[in-house]
file entry13.pdb (PDB, C-alpha atoms and all ligand atoms)
MODEL        1
ATOM      1  CA  MET A   3      19.873  30.386 -26.602
ATOM      2  CA  ARG A   4      17.243  29.511 -29.135
ATOM      3  CA  LEU A   5      15.574  32.549 -30.690
ATOM      4  CA  LEU A   6      13.292  30.865 -33.162
ATOM      5  CA  HIS A   7      10.528  28.460 -32.216
ATOM      6  CA  PRO A   8      11.523  28.203 -28.555
ATOM      7  CA  HIS A   9       8.670  25.804 -27.816
ATOM      8  CA  LEU A  10       9.664  23.277 -30.444
ATOM      9  CA  VAL A  11      11.326  19.967 -29.813
ATOM     10  CA  PRO A  12      14.472  19.643 -31.932
ATOM     11  CA  ALA A  13      13.402  19.143 -35.511
ATOM     12  CA  GLU A  14      15.487  16.024 -35.892
ATOM     13  CA  ARG A  15      13.319  14.242 -33.342
ATOM     14  CA  LEU A  16      10.110  12.860 -34.738
ATOM     15  CA  ARG A  17       7.421  12.589 -32.103
ATOM     16  CA  SER A  18       6.669   9.214 -30.570
ATOM     17  CA  PRO A  19       2.982   8.189 -30.808
ATOM     18  CA  ALA A  20       2.527   8.884 -27.045
ATOM     19  CA  THR A  21       4.021  12.390 -27.285
ATOM     20  CA  ALA A  22       2.061  12.976 -30.460
ATOM     21  CA  GLY A  23      -1.203  12.149 -28.695
ATOM     22  CA  ARG A  24      -0.364  14.562 -25.880
ATOM     23  CA  HIS A  25       0.557  17.265 -28.400
ATOM     24  CA  ALA A  26      -2.740  16.793 -30.257
ATOM     25  CA  ARG A  27      -4.726  17.096 -27.011
ATOM     26  CA  LEU A  28      -2.811  20.275 -26.063
ATOM     27  CA  ALA A  29      -3.542  21.708 -29.498
ATOM     28  CA  GLN A  30      -7.232  20.979 -29.003
ATOM     29  CA  LEU A  31      -7.180  22.603 -25.572
ATOM     30  CA  ALA A  32      -5.532  25.651 -27.130
ATOM     31  CA  GLY A  33      -8.617  25.935 -29.323
ATOM     32  CA  ARG A  34      -7.080  25.032 -32.648
ATOM     33  CA  ARG A  35      -9.825  24.332 -35.120
ATOM     34  CA  ALA A  36      -9.862  20.954 -36.792
ATOM     35  CA  CYS A  37      -8.111  21.056 -40.161
ATOM     36  CA  ARG A  38      -7.120  24.727 -39.939
ATOM     37  CA  GLY A  39      -3.947  25.777 -38.140
ATOM     38  CA  GLN A  40      -2.050  29.060 -38.007
ATOM     39  CA  LEU A  41      -0.616  28.143 -41.372
ATOM     40  CA  ALA A  42      -2.416  26.074 -43.946
ATOM     41  CA  GLY A  43       0.022  24.699 -46.388
ATOM     42  CA  ARG A  44       0.553  22.498 -49.320
ATOM     43  CA  LEU A  45       3.604  20.748 -50.600
ATOM     44  CA  VAL A  46       4.369  19.433 -54.023
ATOM     45  CA  GLY A  47       6.810  16.578 -53.749
ATOM     46  CA  ALA A  48       5.991  16.089 -50.085
ATOM     47  CA  GLY A  49       7.171  12.526 -50.071
ATOM     48  CA  THR A  50      10.700  11.266 -49.779
ATOM     49  CA  ARG A  51      11.951   8.899 -52.443
ATOM     50  CA  PRO A  52      12.313   5.269 -51.307
ATOM     51  CA  SER A  53      15.838   4.360 -50.164
ATOM     52  CA  PRO A  54      17.635   1.012 -50.041
ATOM     53  CA  GLU A  55      19.190   2.012 -46.700
ATOM     54  CA  PRO A  56      17.793   0.642 -43.422
ATOM     55  CA  ASP A  57      17.773   4.063 -41.733
ATOM     56  CA  PRO A  58      17.719   6.693 -44.480
ATOM     57  CA  PRO A  59      17.727  10.427 -43.794
ATOM     58  CA  ILE A  60      14.517  12.378 -44.240
ATOM     59  CA  GLY A  61      13.963  14.291 -47.510
ATOM     60  CA  ASN A  62      13.391  18.036 -47.801
ATOM     61  CA  GLY A  63       9.684  17.881 -48.641
ATOM     62  CA  ARG A  64       8.867  15.532 -45.791
ATOM     63  CA  ALA A  65      10.885  17.548 -43.272
ATOM     64  CA  ILE A  66       9.161  20.781 -44.342
ATOM     65  CA  ALA A  67       5.714  19.178 -43.963
ATOM     66  CA  VAL A  68       6.534  17.809 -40.503
ATOM     67  CA  LEU A  69       7.986  21.089 -39.288
ATOM     68  CA  ALA A  70       5.081  23.113 -40.743
ATOM     69  CA  ALA A  71       2.686  20.725 -38.995
ATOM     70  CA  ARG A  72       4.585  21.213 -35.745
ATOM     71  CA  GLU A  73       4.102  24.969 -36.227
ATOM     72  CA  GLY A  74       0.346  24.468 -36.441
ATOM     73  CA  ALA A  75      -0.132  24.132 -40.201
ATOM     74  CA  SER A  76      -2.647  21.863 -41.803
ATOM     75  CA  VAL A  77      -0.835  20.262 -44.697
ATOM     76  CA  ALA A  78      -1.925  18.782 -47.981
ATOM     77  CA  CYS A  79       0.929  16.541 -49.077
ATOM     78  CA  ALA A  80       0.956  16.258 -52.840
ATOM     79  CA  ASP A  81       3.140  13.691 -54.570
ATOM     80  CA  ARG A  82       2.906  11.343 -57.514
ATOM     81  CA  ASP A  83       3.862   8.558 -55.096
ATOM     82  CA  GLU A  84       0.821   8.021 -52.873
ATOM     83  CA  ALA A  85       2.695   5.862 -50.364
ATOM     84  CA  ALA A  86       5.477   8.445 -49.954
ATOM     85  CA  ALA A  87       2.951  11.245 -49.411
ATOM     86  CA  GLY A  88       1.072   8.971 -47.005
ATOM     87  CA  VAL A  89       4.133   8.503 -44.794
ATOM     88  CA  THR A  90       4.605  12.276 -44.694
ATOM     89  CA  ALA A  91       0.935  12.837 -43.841
ATOM     90  CA  ASP A  92       1.163  10.284 -41.005
ATOM     91  CA  LEU A  93       4.198  12.081 -39.568
ATOM     92  CA  ALA A  94       2.370  15.424 -39.812
ATOM     93  CA  ARG A  95      -0.654  13.919 -38.024
ATOM     94  CA  ALA A  96       1.680  12.674 -35.290
ATOM     95  CA  GLU A  97       2.421  16.375 -34.716
ATOM     96  CA  GLY A  98      -1.271  16.924 -34.024
ATOM     97  CA  ALA A  99      -1.910  18.472 -37.438
ATOM     98  CA  CYS A 100      -4.531  17.778 -40.037
ATOM     99  CA  ALA A 101      -2.890  16.234 -43.083
ATOM    100  CA  GLU A 102      -4.289  15.223 -46.451
ATOM    101  CA  VAL A 103      -2.715  13.192 -49.233
ATOM    102  CA  ILE A 104      -3.109  14.423 -52.792
ATOM    103  CA  VAL A 105      -1.879  12.259 -55.628
ATOM    104  CA  ALA A 106      -0.691  14.285 -58.597
ATOM    105  CA  ASP A 107       2.004  13.992 -61.226
ATOM    106  CA  VAL A 108       2.977  17.588 -61.889
ATOM    107  CA  ALA A 109       4.594  16.624 -65.183
ATOM    108  CA  ASP A 110       0.966  16.718 -66.390
ATOM    109  CA  PRO A 111      -0.060  20.386 -66.789
ATOM    110  CA  GLN A 112      -3.692  19.658 -65.922
ATOM    111  CA  ALA A 113      -2.691  17.940 -62.691
ATOM    112  CA  CYS A 114      -1.095  21.184 -61.481
ATOM    113  CA  ALA A 115      -4.332  23.183 -61.422
ATOM    114  CA  ALA A 116      -6.364  20.201 -60.212
ATOM    115  CA  MET A 117      -4.013  19.791 -57.277
ATOM    116  CA  VAL A 118      -4.536  23.388 -56.205
ATOM    117  CA  GLU A 119      -8.312  22.935 -56.373
ATOM    118  CA  GLU A 120      -8.163  19.703 -54.379
ATOM    119  CA  SER A 121      -5.972  21.307 -51.722
ATOM    120  CA  VAL A 122      -8.279  24.286 -51.288
ATOM    121  CA  GLU A 123     -11.196  21.907 -50.890
ATOM    122  CA  ALA A 124      -9.349  19.597 -48.496
ATOM    123  CA  LEU A 125      -8.006  22.370 -46.239
ATOM    124  CA  GLY A 126     -10.849  24.853 -46.593
ATOM    125  CA  GLY A 127      -8.457  27.441 -47.991
ATOM    126  CA  LEU A 128      -4.808  27.960 -48.669
ATOM    127  CA  ASP A 129      -2.302  30.372 -47.179
ATOM    128  CA  GLY A 130       0.982  28.622 -47.739
ATOM    129  CA  LEU A 131       2.495  26.811 -50.662
ATOM    130  CA  VAL A 132       5.834  24.994 -50.890
ATOM    131  CA  LEU A 133       7.033  23.736 -54.254
ATOM    132  CA  ASN A 134       9.692  21.207 -53.416
ATOM    133  CA  VAL A 135       9.663  18.775 -56.333
ATOM    134  CA  GLY A 136      12.810  18.508 -58.426
ATOM    135  CA  PHE A 137      15.001  15.937 -60.159
ATOM    136  CA  ALA A 138      17.838  15.678 -62.685
ATOM    137  CA  LEU A 139      18.218  13.957 -66.042
ATOM    138  CA  GLY A 140      21.185  13.811 -68.439
ATOM    139  CA  ARG A 141      24.957  14.268 -68.052
ATOM    140  CA  GLY A 142      26.724  17.293 -69.515
ATOM    141  CA  ILE A 143      25.533  19.339 -72.469
ATOM    142  CA  THR A 144      26.383  16.687 -75.039
ATOM    143  CA  GLY A 145      25.027  13.895 -72.845
ATOM    144  CA  THR A 146      21.587  15.426 -72.428
ATOM    145  CA  THR A 147      18.816  14.761 -74.931
ATOM    146  CA  ALA A 148      16.023  17.155 -75.829
ATOM    147  CA  GLU A 149      13.589  14.712 -74.216
ATOM    148  CA  GLN A 150      15.556  14.710 -70.954
ATOM    149  CA  TRP A 151      15.741  18.503 -71.020
ATOM    150  CA  ASP A 152      11.989  18.844 -71.566
ATOM    151  CA  ALA A 153      11.119  16.226 -68.930
ATOM    152  CA  THR A 154      13.286  18.000 -66.348
ATOM    153  CA  PHE A 155      11.844  21.414 -67.128
ATOM    154  CA  ALA A 156       8.278  20.051 -67.079
ATOM    155  CA  VAL A 157       8.652  19.011 -63.438
ATOM    156  CA  ASN A 158      11.271  21.422 -62.055
ATOM    157  CA  THR A 159      10.075  24.617 -63.732
ATOM    158  CA  ARG A 160       6.825  24.424 -65.732
ATOM    159  CA  ALA A 161       4.997  22.795 -62.808
ATOM    160  CA  HIS A 162       6.103  25.621 -60.518
ATOM    161  CA  PHE A 163       4.785  28.176 -63.012
ATOM    162  CA  LEU A 164       1.476  26.334 -63.469
ATOM    163  CA  VAL A 165       0.882  25.654 -59.777
ATOM    164  CA  SER A 166       1.704  29.293 -58.974
ATOM    165  CA  ALA A 167      -0.685  30.490 -61.683
ATOM    166  CA  ALA A 168      -3.475  28.321 -60.286
ATOM    167  CA  ALA A 169      -2.711  29.263 -56.686
ATOM    168  CA  LEU A 170      -2.289  33.047 -56.923
ATOM    169  CA  PRO A 171      -6.012  33.765 -57.421
ATOM    170  CA  VAL A 172      -7.068  31.494 -54.550
ATOM    171  CA  LEU A 173      -4.369  32.102 -51.952
ATOM    172  CA  ALA A 174      -5.584  34.093 -48.983
ATOM    173  CA  PRO A 175      -4.165  37.597 -48.550
ATOM    174  CA  ARG A 176      -0.795  37.512 -46.710
ATOM    175  CA  SER A 177      -0.062  33.999 -47.944
ATOM    176  CA  ALA A 178       3.489  32.891 -48.690
ATOM    177  CA  ILE A 179       4.988  30.729 -51.411
ATOM    178  CA  VAL A 180       8.348  28.981 -51.118
ATOM    179  CA  TYR A 181      10.222  27.401 -54.009
ATOM    180  CA  ILE A 182      12.994  24.902 -53.333
ATOM    181  CA  SER A 183      15.770  25.742 -55.761
ATOM    182  CA  SER A 184      19.376  24.576 -55.498
ATOM    183  CA  ALA A 185      22.879  26.026 -55.308
ATOM    184  CA  ALA A 186      23.248  24.233 -58.644
ATOM    185  CA  SER A 187      21.449  27.322 -59.994
ATOM    186  CA  LEU A 188      24.466  29.412 -58.994
ATOM    187  CA  ARG A 189      27.360  27.469 -60.473
ATOM    188  CA  ALA A 190      28.069  24.510 -62.747
ATOM    189  CA  ALA A 191      28.614  21.790 -60.184
ATOM    190  CA  THR A 192      26.233  18.915 -60.801
ATOM    191  CA  GLY A 193      27.145  18.098 -64.399
ATOM    192  CA  ALA A 194      23.411  18.036 -65.186
ATOM    193  CA  PRO A 195      22.721  21.270 -67.103
ATOM    194  CA  SER A 196      18.990  20.561 -67.381
ATOM    195  CA  TYR A 197      18.792  20.480 -63.567
ATOM    196  CA  ASP A 198      21.012  23.533 -63.027
ATOM    197  CA  SER A 199      19.106  25.600 -65.616
ATOM    198  CA  SER A 200      15.671  24.532 -64.419
ATOM    199  CA  LYS A 201      16.595  25.531 -60.869
ATOM    200  CA  ALA A 202      18.010  28.877 -62.067
ATOM    201  CA  ALA A 203      14.720  29.571 -63.871
ATOM    202  CA  LEU A 204      12.849  29.356 -60.564
ATOM    203  CA  LEU A 205      14.263  32.736 -59.557
ATOM    204  CA  GLY A 206      12.537  34.315 -62.562
ATOM    205  CA  ILE A 207       9.233  32.652 -61.674
ATOM    206  CA  CYS A 208       9.593  33.611 -58.025
ATOM    207  CA  ARG A 209      10.270  37.260 -58.802
ATOM    208  CA  GLN A 210       7.253  37.567 -61.078
ATOM    209  CA  VAL A 211       4.972  35.752 -58.624
ATOM    210  CA  ALA A 212       6.206  38.060 -55.857
ATOM    211  CA  ARG A 213       5.461  41.046 -58.059
ATOM    212  CA  GLU A 214       1.953  39.894 -58.953
ATOM    213  CA  GLY A 215       1.252  38.710 -55.425
ATOM    214  CA  MET A 216       2.099  42.081 -53.907
ATOM    215  CA  ALA A 217      -1.441  43.447 -54.464
ATOM    216  CA  ASN A 218      -2.698  40.794 -52.027
ATOM    217  CA  HIS A 219       0.357  40.930 -49.754
ATOM    218  CA  ILE A 220       1.356  37.485 -50.991
ATOM    219  CA  ARG A 221       5.095  36.856 -50.721
ATOM    220  CA  ALA A 222       7.227  34.463 -52.769
ATOM    221  CA  ASN A 223      10.751  33.370 -51.897
ATOM    222  CA  LEU A 224      13.284  30.689 -52.714
ATOM    223  CA  VAL A 225      15.360  28.411 -50.544
ATOM    224  CA  VAL A 226      18.601  27.667 -52.382
ATOM    225  CA  PRO A 227      20.232  24.697 -50.646
ATOM    226  CA  GLY A 228      23.739  23.423 -51.290
ATOM    227  CA  LEU A 229      24.391  19.747 -50.712
ATOM    228  CA  VAL A 230      21.766  18.169 -48.486
ATOM    229  CA  ASP A 231      22.038  14.693 -46.997
ATOM    230  CA  THR A 232      18.740  13.235 -48.242
ATOM    231  CA  PRO A 233      17.956  10.017 -50.119
ATOM    232  CA  LEU A 234      18.010  12.140 -53.301
ATOM    233  CA  GLY A 235      21.440  13.487 -52.342
ATOM    234  CA  ARG A 236      22.757  10.004 -51.573
ATOM    235  CA  ASP A 237      21.428   8.733 -54.930
ATOM    236  CA  ALA A 238      23.267  11.595 -56.624
ATOM    237  CA  SER A 239      26.483  10.745 -54.723
ATOM    238  CA  ARG A 240      26.222   7.075 -55.731
ATOM    239  CA  ARG A 241      26.022   8.154 -59.378
ATOM    240  CA  ASN A 242      28.699  10.859 -58.993
ATOM    241  CA  PRO A 243      31.115  10.158 -56.090
ATOM    242  CA  ALA A 244      32.901  13.475 -56.797
ATOM    243  CA  ARG A 245      29.769  15.227 -55.486
ATOM    244  CA  THR A 246      30.910  15.178 -51.877
ATOM    245  CA  ALA A 247      34.663  14.759 -52.489
ATOM    246  CA  ARG A 248      35.410  18.480 -52.046
ATOM    247  CA  ARG A 249      35.759  20.151 -48.656
ATOM    248  CA  LEU A 250      32.355  20.979 -47.266
ATOM    249  CA  PRO A 251      31.565  23.885 -44.930
ATOM    250  CA  PHE A 252      31.543  22.596 -41.345
ATOM    251  CA  GLY A 253      32.745  19.261 -42.749
ATOM    252  CA  ARG A 254      29.259  18.083 -43.648
ATOM    253  CA  GLN A 255      26.231  18.497 -45.868
ATOM    254  CA  ALA A 256      23.090  20.273 -44.670
ATOM    255  CA  THR A 257      20.250  18.226 -43.269
ATOM    256  CA  ALA A 258      16.709  18.388 -44.612
ATOM    257  CA  TRP A 259      15.680  19.820 -41.240
ATOM    258  CA  GLU A 260      17.881  22.841 -41.853
ATOM    259  CA  VAL A 261      16.163  23.338 -45.213
ATOM    260  CA  ALA A 262      12.815  22.926 -43.476
ATOM    261  CA  TYR A 263      13.543  25.569 -40.830
ATOM    262  CA  ALA A 264      14.312  28.070 -43.608
ATOM    263  CA  ALA A 265      11.191  27.164 -45.595
ATOM    264  CA  VAL A 266       8.883  27.318 -42.587
ATOM    265  CA  TRP A 267      10.361  30.644 -41.517
ATOM    266  CA  LEU A 268       9.758  32.056 -45.010
ATOM    267  CA  LEU A 269       6.171  30.790 -44.830
ATOM    268  CA  SER A 270       5.595  32.444 -41.476
ATOM    269  CA  ALA A 271       4.709  36.006 -40.561
ATOM    270  CA  GLU A 272       8.172  36.262 -38.998
ATOM    271  CA  ALA A 273       9.396  36.749 -42.576
ATOM    272  CA  SER A 274       6.698  39.292 -43.451
ATOM    273  CA  TYR A 275       9.091  41.740 -45.180
ATOM    274  CA  VAL A 276      11.165  39.105 -46.976
ATOM    275  CA  ASN A 277      10.063  38.913 -50.585
ATOM    276  CA  ALA A 278      11.453  37.745 -53.959
ATOM    277  CA  HIS A 279      14.511  36.613 -52.036
ATOM    278  CA  PRO A 280      16.813  33.663 -52.748
ATOM    279  CA  LEU A 281      17.850  32.402 -49.307
ATOM    280  CA  VAL A 282      21.107  30.567 -49.938
ATOM    281  CA  LEU A 283      21.504  27.726 -47.449
ATOM    282  CA  ASP A 284      24.873  26.228 -48.252
ATOM    283  CA  GLY A 285      27.021  26.806 -45.169
ATOM    284  CA  GLY A 286      28.810  29.522 -47.143
ATOM    285  CA  ALA A 287      30.076  27.193 -49.889
ATOM    286  CA  THR A 288      29.231  29.542 -52.772
ATOM    287  CA  ALA A 289      30.900  32.432 -50.959
ATOM    288  CA  PHE A 290      34.139  30.515 -50.451
ATOM    289  CA  GLY A 291      34.467  29.439 -54.114
TER
HETATM  290  N1  LIG A 301      19.510  16.694 -51.689
HETATM  291  C1  LIG A 301      20.191  17.708 -52.122
HETATM  292  O1  LIG A 301      21.447  17.718 -52.115
HETATM  293  C2  LIG A 301      19.471  18.909 -52.675
HETATM  294  C3  LIG A 301      20.210  20.098 -52.849
HETATM  295  C4  LIG A 301      19.565  21.212 -53.330
HETATM  296  C5  LIG A 301      18.235  21.165 -53.681
HETATM  297  N2  LIG A 301      17.538  20.006 -53.517
HETATM  298  C6  LIG A 301      16.134  20.003 -53.931
HETATM  299  O2  LIG A 301      15.273  19.552 -52.898
HETATM  300  C7  LIG A 301      14.080  19.049 -53.518
HETATM  301  C8  LIG A 301      13.645  17.673 -53.071
HETATM  302  O3  LIG A 301      14.415  17.071 -52.175
HETATM  303  P1  LIG A 301      13.879  15.744 -51.509
HETATM  304  O4  LIG A 301      15.007  15.236 -50.708
HETATM  305  O5  LIG A 301      12.571  15.988 -50.852
HETATM  306  O6  LIG A 301      13.742  14.784 -52.792
HETATM  307  P2  LIG A 301      12.996  13.390 -52.954
HETATM  308  O7  LIG A 301      13.368  12.902 -54.306
HETATM  309  O8  LIG A 301      13.220  12.516 -51.779
HETATM  310  O9  LIG A 301      11.483  13.834 -52.897
HETATM  311  C9  LIG A 301      10.869  14.431 -53.961
HETATM  312  C10 LIG A 301       9.456  13.896 -54.044
HETATM  313  O10 LIG A 301       8.927  14.400 -55.269
HETATM  314  C11 LIG A 301       8.115  13.426 -55.804
HETATM  315  N3  LIG A 301       7.982  13.641 -57.256
HETATM  316  C12 LIG A 301       8.919  13.428 -58.195
HETATM  317  N4  LIG A 301       8.421  13.721 -59.397
HETATM  318  C13 LIG A 301       7.148  14.143 -59.199
HETATM  319  C14 LIG A 301       6.117  14.579 -60.056
HETATM  320  N5  LIG A 301       6.297  14.619 -61.386
HETATM  321  N6  LIG A 301       4.940  14.957 -59.528
HETATM  322  C15 LIG A 301       4.734  14.893 -58.182
HETATM  323  N7  LIG A 301       5.680  14.470 -57.323
HETATM  324  C16 LIG A 301       6.873  14.096 -57.831
HETATM  325  C17 LIG A 301       8.807  12.109 -55.509
HETATM  326  O11 LIG A 301       7.883  11.041 -55.532
HETATM  327  C18 LIG A 301       9.381  12.357 -54.125
HETATM  328  O12 LIG A 301       8.549  11.879 -53.096
HETATM  329  C19 LIG A 301      14.359  18.973 -54.997
HETATM  330  O13 LIG A 301      13.757  20.074 -55.642
HETATM  331  C20 LIG A 301      15.863  19.053 -55.075
HETATM  332  O14 LIG A 301      16.276  19.568 -56.307
HETATM  333  C21 LIG A 301      18.122  18.869 -53.015
ENDMDL
END
call {"tool": "encode", "arguments": {"input": "entry13.pdb", "output": "structure tokens"}}
result
Amino acid sequence: MRLLHPHLVPAERLRSPATAGRHARLAQLAGRRACRGQLAGRLVGAGTRPSPEPDPPIGNGRAIAVLAAREGASVACADRDEAAAGVTADLARAEGACAEVIVADVADPQACAAMVEESVEALGGLDGLVLNVGFALGRGITGTTAEQWDATFAVNTRAHFLVSAAALPVLAPRSAIVYISSAASLRAATGAPSYDSSKAALLGICRQVAREGMANHIRANLVVPGLVDTPLGRDASRRNPARTARRLPFGRQATAWEVAYAAVWLLSAEASYVNAHPLVLDGGATAFG
């Protein structure tokens, strides 16, 4: 039995162009307005990093955008890599959704506010926001420079604060914000303290945003994934083979689709009483030690 999203095709299956056309026509028949679905959303880091593999897995940001589009969202896909955001937008359009590409490097504080403005203009409003971007620099405490620390925090933490600050006043009442954190925020596992700390700091941002958003019934939550089989994850494993050497719950990593289901649920009205909550999505790994 499938309780959630019973009408959806399995997330792992991207729509073929023929099915996509049919889906778009059905959406039109159902009266969906152009460029405005049940959810309007925006993703920072909506691309997936390029991979040397012939058939790489999908990344978290891309999977969230595709699944949100399948749920009726219009999506503005923001990324510093225009081509990567473009691929995501094409996949969202194949779901019958309206998708825009926004090029922004969120390491630049001014780009954070500009991106919010552009998204509001492109979508005609905003009622969902997913902050997915994140990366790691440095190895260990003594192997991390101040520059690496600052660069990591600029993208993984400061950008989330700045985008949230720009978005809170313009988000429609009953909007939802989702931050993509990491189980690295819960224990020292990656060997990259700048990454672990920047992800831990997201909980503080999320809580405060949830508190300030309450007046407008705006919710803010975190998805806290363990290991996920994405191009980013595979890059990390190439650099640190010990990453996946331990026993994994269910004998595997999560997929980006599993992260996406959690994010889209938190965005939706189905999660209307879930707020300031870190949803740990690690197959139970942190519980088992
Ligand atoms: N893969 C895992 O094991 C795992 C586990 C836990 C959490 N996460 C988190 O999931 C998130 C992303 O996963 P993904 O697979 O989508 O990663 P990804 O690297 O494939 O995609 C991230 C996107 O962010 C974009 N980006 C990077 N820096 C940017 C910047 N300064 N401004 C704008 N865009 C920028 C990249 O171009 C890329 O398209 C990260 O926050 C990561 O920490 C991943």
call {"tool": "residues_near_point", "arguments": {"input": "entry13.pdb", "point": "(17.7, 6.9, -41.5)", "cutoff": "12 Å", "atoms": "only C-alpha atoms", "output": "PyMOL selection string"}}
result
chain A and resi 14-16+50+52-61+231-233+236+257-258
call {"tool": "atom_distance", "arguments": {"input": "entry13.pdb", "atom1": "CA of Arg95 (chain A)", "atom2": "CA of Leu281 (chain A)"}}
result
28.5 Å
call {"tool": "closest_residue", "arguments": {"input": "entry13.pdb", "among": "A:Gly98, A:Asp129, A:Arg176, A:Thr90", "to": "Gly215 (chain A)", "atoms": "only C-alpha atoms"}}
result
A:Arg176
call {"tool": "residues_near_ligand", "arguments": {"input": "entry13.pdb", "ligand": "ligand LIG 301 (chain A)", "cutoff": "6 Å", "atoms": "only C-alpha atoms and all ligand atoms", "output": "PDB file with C-alpha atoms, in the frame of the given file"}}
result
ATOM      1  CA  GLY A  47       6.810  16.578 -53.749  1.00  0.00           C
ATOM      2  CA  ALA A  48       5.991  16.089 -50.085  1.00  0.00           C
ATOM      3  CA  GLY A  49       7.171  12.526 -50.071  1.00  0.00           C
ATOM      4  CA  THR A  50      10.700  11.266 -49.779  1.00  0.00           C
ATOM      5  CA  ARG A  51      11.951   8.899 -52.443  1.00  0.00           C
ATOM      6  CA  GLY A  61      13.963  14.291 -47.510  1.00  0.00           C
ATOM      7  CA  ASN A  62      13.391  18.036 -47.801  1.00  0.00           C
ATOM      8  CA  GLY A  63       9.684  17.881 -48.641  1.00  0.00           C
ATOM      9  CA  ASP A  81       3.140  13.691 -54.570  1.00  0.00           C
ATOM     10  CA  ARG A  82       2.906  11.343 -57.514  1.00  0.00           C
ATOM     11  CA  ASP A  83       3.862   8.558 -55.096  1.00  0.00           C
ATOM     12  CA  ALA A  86       5.477   8.445 -49.954  1.00  0.00           C
ATOM     13  CA  ALA A 106      -0.691  14.285 -58.597  1.00  0.00           C
ATOM     14  CA  ASP A 107       2.004  13.992 -61.226  1.00  0.00           C
ATOM     15  CA  VAL A 108       2.977  17.588 -61.889  1.00  0.00           C
ATOM     16  CA  ALA A 109       4.594  16.624 -65.183  1.00  0.00           C
ATOM     17  CA  ASN A 134       9.692  21.207 -53.416  1.00  0.00           C
ATOM     18  CA  VAL A 135       9.663  18.775 -56.333  1.00  0.00           C
ATOM     19  CA  GLY A 136      12.810  18.508 -58.426  1.00  0.00           C
ATOM     20  CA  PHE A 137      15.001  15.937 -60.159  1.00  0.00           C
ATOM     21  CA  VAL A 157       8.652  19.011 -63.438  1.00  0.00           C
ATOM     22  CA  ILE A 182      12.994  24.902 -53.333  1.00  0.00           C
ATOM     23  CA  SER A 183      15.770  25.742 -55.761  1.00  0.00           C
ATOM     24  CA  SER A 184      19.376  24.576 -55.498  1.00  0.00           C
ATOM     25  CA  PRO A 227      20.232  24.697 -50.646  1.00  0.00           C
ATOM     26  CA  GLY A 228      23.739  23.423 -51.290  1.00  0.00           C
ATOM     27  CA  LEU A 229      24.391  19.747 -50.712  1.00  0.00           C
ATOM     28  CA  VAL A 230      21.766  18.169 -48.486  1.00  0.00           C
ATOM     29  CA  ASP A 231      22.038  14.693 -46.997  1.00  0.00           C
ATOM     30  CA  THR A 232      18.740  13.235 -48.242  1.00  0.00           C
ATOM     31  CA  PRO A 233      17.956  10.017 -50.119  1.00  0.00           C
ATOM     32  CA  LEU A 234      18.010  12.140 -53.301  1.00  0.00           C
ATOM     33  CA  GLY A 235      21.440  13.487 -52.342  1.00  0.00           C
TER      34      GLY A 235
END
call {"tool": "resolve_selection", "arguments": {"input": "entry13.pdb", "expression": "the PyMOL selection byres (((chain A and resi 104) around 6) and not hetatm)", "output": "list in words"}}
result
Cys79, Ala80, Val103 and Val105 of chain A
call {"tool": "build_atoms", "arguments": {"input": "entry13.pdb", "residues": "region 175-185 of chain A", "atoms": "N, CA and C atoms", "output": "PDB file, in the frame of the given file"}}
result
ATOM      1  N   PRO A 175      -5.090  36.479 -48.718  1.00  0.00           N
ATOM      2  CA  PRO A 175      -4.165  37.597 -48.550  1.00  0.00           C
ATOM      3  C   PRO A 175      -3.142  37.276 -47.458  1.00  0.00           C
ATOM      4  N   ARG A 176      -1.920  37.733 -47.643  1.00  0.00           N
ATOM      5  CA  ARG A 176      -0.795  37.512 -46.710  1.00  0.00           C
ATOM      6  C   ARG A 176      -0.284  36.074 -46.728  1.00  0.00           C
ATOM      7  N   SER A 177      -0.617  35.353 -47.788  1.00  0.00           N
ATOM      8  CA  SER A 177      -0.062  33.999 -47.944  1.00  0.00           C
ATOM      9  C   SER A 177       1.416  34.088 -48.318  1.00  0.00           C
ATOM     10  N   ALA A 178       2.083  32.938 -48.272  1.00  0.00           N
ATOM     11  CA  ALA A 178       3.489  32.891 -48.690  1.00  0.00           C
ATOM     12  C   ALA A 178       3.735  31.651 -49.541  1.00  0.00           C
ATOM     13  N   ILE A 179       4.592  31.829 -50.522  1.00  0.00           N
ATOM     14  CA  ILE A 179       4.988  30.729 -51.411  1.00  0.00           C
ATOM     15  C   ILE A 179       6.496  30.528 -51.256  1.00  0.00           C
ATOM     16  N   VAL A 180       6.910  29.276 -51.198  1.00  0.00           N
ATOM     17  CA  VAL A 180       8.348  28.981 -51.118  1.00  0.00           C
ATOM     18  C   VAL A 180       8.706  27.969 -52.205  1.00  0.00           C
ATOM     19  N   TYR A 181       9.700  28.310 -52.987  1.00  0.00           N
ATOM     20  CA  TYR A 181      10.222  27.401 -54.009  1.00  0.00           C
ATOM     21  C   TYR A 181      11.536  26.817 -53.507  1.00  0.00           C
ATOM     22  N   ILE A 182      11.707  25.509 -53.707  1.00  0.00           N
ATOM     23  CA  ILE A 182      12.994  24.902 -53.333  1.00  0.00           C
ATOM     24  C   ILE A 182      13.858  24.835 -54.591  1.00  0.00           C
ATOM     25  N   SER A 183      14.844  25.707 -54.638  1.00  0.00           N
ATOM     26  CA  SER A 183      15.770  25.742 -55.761  1.00  0.00           C
ATOM     27  C   SER A 183      16.990  24.909 -55.398  1.00  0.00           C
ATOM     28  N   SER A 184      18.156  25.315 -55.805  1.00  0.00           N
ATOM     29  CA  SER A 184      19.376  24.576 -55.498  1.00  0.00           C
ATOM     30  C   SER A 184      20.570  25.482 -55.781  1.00  0.00           C
ATOM     31  N   ALA A 185      21.652  25.278 -55.025  1.00  0.00           N
ATOM     32  CA  ALA A 185      22.879  26.026 -55.308  1.00  0.00           C
ATOM     33  C   ALA A 185      23.418  25.659 -56.688  1.00  0.00           C
TER      34      ALA A 185
END
